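Containing PDB, C-alpha atoms: start.pdb.
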```
MODEL        1
ATOM      1  CA  MET A   1     188.763 117.753 128.141
ATOM      2  CA  THR A   2     190.803 120.585 126.695
ATOM      3  CA  ASN A   3     193.814 121.994 128.472
ATOM      4  CA  ARG A   4     193.097 125.052 130.565
ATOM      5  CA  TYR A   5     196.485 126.534 129.641
ATOM      6  CA  LEU A   6     197.913 127.383 126.236
ATOM      7  CA  SER A   7     201.622 126.954 125.599
ATOM      8  CA  ALA A   8     203.746 129.521 123.789
ATOM      9  CA  LYS A   9     203.748 127.255 120.741
ATOM     10  CA  GLU A  10     199.934 127.174 120.704
ATOM     11  CA  VAL A  11     199.700 130.951 121.195
ATOM     12  CA  ALA A  12     202.141 131.465 118.327
ATOM     13  CA  GLU A  13     200.067 129.260 116.017
ATOM     14  CA  LEU A  14     196.762 130.907 116.982
ATOM     15  CA  LEU A  15     198.080 134.448 116.565
ATOM     16  CA  GLY A  16     200.319 133.752 113.566
ATOM     17  CA  ILE A  17     203.446 135.048 115.299
ATOM     18  CA  ALA A  18     206.890 133.664 116.090
ATOM     19  CA  GLU A  19     207.214 131.496 119.174
ATOM     20  CA  SER A  20     209.717 133.940 120.692
ATOM     21  CA  THR A  21     207.161 136.736 120.289
ATOM     22  CA  ALA A  22     204.526 134.521 121.894
ATOM     23  CA  TYR A  23     206.769 134.115 124.935
ATOM     24  CA  ALA A  24     207.046 137.919 125.212
ATOM     25  CA  VAL A  25     203.256 138.297 124.963
ATOM     26  CA  ILE A  26     202.729 135.594 127.582
ATOM     27  CA  ARG A  27     205.234 137.259 129.939
ATOM     28  CA  GLU A  28     203.305 140.536 129.672
ATOM     29  CA  TRP A  29     199.933 138.869 130.228
ATOM     30  CA  ASN A  30     201.321 136.890 133.175
ATOM     31  CA  LYS A  31     202.527 140.176 134.728
ATOM     32  CA  GLU A  32     198.967 141.502 134.431
ATOM     33  CA  LEU A  33     197.529 138.372 136.027
ATOM     34  CA  LYS A  34     200.102 138.352 138.824
ATOM     35  CA  SER A  35     199.397 142.012 139.657
ATOM     36  CA  GLU A  36     195.722 141.051 140.051
ATOM     37  CA  GLY A  37     196.691 138.272 142.477
ATOM     38  CA  TYR A  38     196.273 135.286 140.144
ATOM     39  CA  PHE A  39     198.529 132.259 139.871
ATOM     40  CA  THR A  40     200.796 132.320 136.821
ATOM     41  CA  LYS A  41     202.736 129.574 135.091
ATOM     42  CA  ALA A  42     205.833 130.515 133.085
ATOM     43  CA  GLY A  43     205.577 129.914 129.350
ATOM     44  CA  SER A  44     201.819 129.427 129.327
ATOM     45  CA  ILE A  45     198.625 131.408 129.736
ATOM     46  CA  PRO A  46     195.127 130.388 130.842
ATOM     47  CA  ARG A  47     192.947 129.710 127.800
ATOM     48  CA  ALA A  48     190.139 131.869 129.258
ATOM     49  CA  TYR A  49     192.485 134.857 129.670
ATOM     50  CA  PHE A  50     193.829 134.416 126.138
ATOM     51  CA  GLU A  51     190.301 134.449 124.743
ATOM     52  CA  LYS A  52     189.395 137.500 126.829
ATOM     53  CA  LYS A  53     192.470 139.433 125.662
ATOM     54  CA  CYS A  54     192.156 138.433 122.004
ATOM     55  CA  TYR A  55     188.432 138.143 121.459
ATOM     56  CA  GLY A  56     186.901 140.074 124.358
ATOM     57  CA  PHE A  57     185.081 137.082 125.830
ATOM     58  CA  ALA A  58     184.154 137.354 129.513
ATOM     59  CA  GLU A  59     184.796 133.660 130.048
ATOM     60  CA  ALA A  60     185.842 130.620 128.044
ATOM     61  CA  GLU A  61     183.124 128.512 126.505
TER      62      GLU A  61
ENDMDL
END
```
Translate this file's structure into C-alpha cells.
Amino acid sequence: MTNRYLSAKEVAELLGIAESTAYAVIREWNKELKSEGYFTKAGSIPRAYFEKKCYGFAEAE
C-alpha cells in the first residue's frame, strides 16, 4: 500500500525543486485544503491532491 501523503522531500523530488520550495508549495496547498474544510498535516500533502494540482487528475489511481 502506498502512502496517502507525500512529504516535502518527495514533492521536491517529483517536481525537481528544492526541499525548502516544496515546503512553501505544501503550505499554500494546505491553506487551500483548510479553507475547503479538509484536514491538513504540516509538511505533507495528500497524494490525490498533489496529482490533481500537478496533473489535473480528479482522483488518485
Item to check | Shell of 10 Å around Trp29 of chain A, all atoms listed in the file, local chain residues under 6 positions omitted, as a PyMOL selection string | outcome: chain A and resi 23+35+40+44-46+49-50+53
Give, as lines of an AutoDock Vina configuration file, the centre coordinates and the x, y and z edge lengths in Å to one decimal for an axis-aligned box around all listed atoms of segment 5-18 of chain A, padded by 4 Å on each side.
```
center_x = 201.7
center_y = 130.8
center_z = 121.6
size_x = 18.4
size_y = 16.5
size_z = 24.1
```
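Here the PyMOL selection byres ((chain A and resi 6) around 12) catches exactly these residues: Thr2, Asn3, Arg4, Tyr5, Ser7, Ala8, Lys9, Glu10, Val11, Ala12, Glu13, Leu14, Leu15, Ala22, Tyr23, Ile26, Lys41, Ala42, Gly43, Ser44, Ile45, Pro46, Arg47, Ala48, Tyr49, Phe50 and Glu51 of chain A.
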Next on the checklist: Please compute the atom CA of Arg27 of chain A-atom CA of Cys54 of chain A distance, one decimal, in Å.
Outcome noted: 15.3 Å
Checklist outcome for this item: Pairwise distance, atom CA of Gly37 of chain A with atom CA of Ile17 of chain A, equals 28.2 Å
Generate the missing atoms of segment 24-49 of chain A up to N, CA, C and O atoms and report them as an mmCIF file, keeping the file's coordinate frame.
```cif
data_model
loop_
_atom_site.group_PDB
_atom_site.id
_atom_site.type_symbol
_atom_site.label_atom_id
_atom_site.label_comp_id
_atom_site.auth_asym_id
_atom_site.auth_seq_id
_atom_site.Cartn_x
_atom_site.Cartn_y
_atom_site.Cartn_z
ATOM 1 N N ALA A 24 207.073 136.532 124.731
ATOM 2 C CA ALA A 24 207.046 137.919 125.212
ATOM 3 C C ALA A 24 205.620 138.351 125.557
ATOM 4 O O ALA A 24 205.382 139.003 126.579
ATOM 5 N N VAL A 25 204.669 137.976 124.719
ATOM 6 C CA VAL A 25 203.256 138.297 124.963
ATOM 7 C C VAL A 25 202.788 137.613 126.246
ATOM 8 O O VAL A 25 202.141 138.233 127.099
ATOM 9 N N ILE A 26 203.128 136.349 126.395
ATOM 10 C CA ILE A 26 202.729 135.594 127.582
ATOM 11 C C ILE A 26 203.344 136.198 128.837
ATOM 12 O O ILE A 26 202.672 136.309 129.870
ATOM 13 N N ARG A 27 204.603 136.617 128.772
ATOM 14 C CA ARG A 27 205.234 137.259 129.939
ATOM 15 C C ARG A 27 204.456 138.496 130.355
ATOM 16 O O ARG A 27 204.200 138.726 131.540
ATOM 17 N N GLU A 28 204.058 139.310 129.381
ATOM 18 C CA GLU A 28 203.305 140.536 129.672
ATOM 19 C C GLU A 28 201.946 140.205 130.286
ATOM 20 O O GLU A 28 201.536 140.812 131.274
ATOM 21 N N TRP A 29 201.244 139.258 129.700
ATOM 22 C CA TRP A 29 199.933 138.869 130.228
ATOM 23 C C TRP A 29 200.056 138.253 131.612
ATOM 24 O O TRP A 29 199.218 138.485 132.484
ATOM 25 N N ASN A 30 201.121 137.471 131.850
ATOM 26 C CA ASN A 30 201.321 136.890 133.175
ATOM 27 C C ASN A 30 201.615 137.968 134.212
ATOM 28 O O ASN A 30 201.202 137.847 135.365
ATOM 29 N N LYS A 31 202.306 139.041 133.813
ATOM 30 C CA LYS A 31 202.527 140.176 134.728
ATOM 31 C C LYS A 31 201.187 140.777 135.139
ATOM 32 O O LYS A 31 200.972 141.103 136.303
ATOM 33 N N GLU A 32 200.295 140.949 134.150
ATOM 34 C CA GLU A 32 198.967 141.502 134.431
ATOM 35 C C GLU A 32 198.209 140.604 135.409
ATOM 36 O O GLU A 32 197.618 141.094 136.380
ATOM 37 N N LEU A 33 198.229 139.314 135.153
ATOM 38 C CA LEU A 33 197.529 138.372 136.027
ATOM 39 C C LEU A 33 198.111 138.371 137.436
ATOM 40 O O LEU A 33 197.378 138.372 138.420
ATOM 41 N N LYS A 34 199.440 138.376 137.518
ATOM 42 C CA LYS A 34 200.102 138.352 138.824
ATOM 43 C C LYS A 34 199.764 139.607 139.621
ATOM 44 O O LYS A 34 199.530 139.538 140.827
ATOM 45 N N SER A 35 199.717 140.767 138.961
ATOM 46 C CA SER A 35 199.397 142.012 139.657
ATOM 47 C C SER A 35 197.969 142.011 140.199
ATOM 48 O O SER A 35 197.657 142.720 141.144
ATOM 49 N N GLU A 36 197.107 141.181 139.587
ATOM 50 C CA GLU A 36 195.722 141.051 140.051
ATOM 51 C C GLU A 36 195.579 139.936 141.083
ATOM 52 O O GLU A 36 194.472 139.649 141.542
ATOM 53 N N GLY A 37 196.703 139.292 141.440
ATOM 54 C CA GLY A 37 196.691 138.272 142.477
ATOM 55 C C GLY A 37 196.448 136.853 141.993
ATOM 56 O O GLY A 37 196.232 135.954 142.799
ATOM 57 N N TYR A 38 196.509 136.620 140.680
ATOM 58 C CA TYR A 38 196.273 135.286 140.144
ATOM 59 C C TYR A 38 197.562 134.488 140.049
ATOM 60 O O TYR A 38 198.654 135.045 139.910
ATOM 61 N N PHE A 39 197.422 133.181 140.079
ATOM 62 C CA PHE A 39 198.529 132.259 139.871
ATOM 63 C C PHE A 39 198.978 132.352 138.419
ATOM 64 O O PHE A 39 198.152 132.444 137.517
ATOM 65 N N THR A 40 200.275 132.336 138.186
ATOM 66 C CA THR A 40 200.796 132.320 136.821
ATOM 67 C C THR A 40 201.749 131.146 136.654
ATOM 68 O O THR A 40 202.347 130.667 137.616
ATOM 69 N N LYS A 41 201.872 130.697 135.424
ATOM 70 C CA LYS A 41 202.736 129.574 135.091
ATOM 71 C C LYS A 41 203.608 130.021 133.919
ATOM 72 O O LYS A 41 203.082 130.392 132.866
ATOM 73 N N ALA A 42 204.907 130.028 134.111
ATOM 74 C CA ALA A 42 205.833 130.515 133.085
ATOM 75 C C ALA A 42 205.661 129.761 131.772
ATOM 76 O O ALA A 42 205.502 128.544 131.747
ATOM 77 N N GLY A 43 205.640 130.511 130.676
ATOM 78 C CA GLY A 43 205.577 129.914 129.350
ATOM 79 C C GLY A 43 204.198 129.473 128.911
ATOM 80 O O GLY A 43 204.048 128.859 127.861
ATOM 81 N N SER A 44 203.183 129.786 129.717
ATOM 82 C CA SER A 44 201.819 129.427 129.327
ATOM 83 C C SER A 44 200.840 130.445 129.902
ATOM 84 O O SER A 44 201.162 131.195 130.811
ATOM 85 N N ILE A 45 199.648 130.442 129.355
ATOM 86 C CA ILE A 45 198.625 131.408 129.736
ATOM 87 C C ILE A 45 197.286 130.672 129.831
ATOM 88 O O ILE A 45 197.034 129.774 129.018
ATOM 89 N N PRO A 46 196.446 131.030 130.794
ATOM 90 C CA PRO A 46 195.127 130.388 130.842
ATOM 91 C C PRO A 46 194.343 130.647 129.555
ATOM 92 O O PRO A 46 194.321 131.769 129.041
ATOM 93 N N ARG A 47 193.725 129.609 129.041
ATOM 94 C CA ARG A 47 192.947 129.710 127.800
ATOM 95 C C ARG A 47 191.879 130.802 127.917
ATOM 96 O O ARG A 47 191.668 131.580 126.988
ATOM 97 N N ALA A 48 191.205 130.875 129.056
ATOM 98 C CA ALA A 48 190.139 131.869 129.258
ATOM 99 C C ALA A 48 190.695 133.290 129.160
ATOM 100 O O ALA A 48 190.062 134.170 128.572
ATOM 101 N N TYR A 49 191.888 133.520 129.719
ATOM 102 C CA TYR A 49 192.485 134.857 129.670
ATOM 103 C C TYR A 49 192.916 135.198 128.242
ATOM 104 O O TYR A 49 192.737 136.323 127.784
#
```
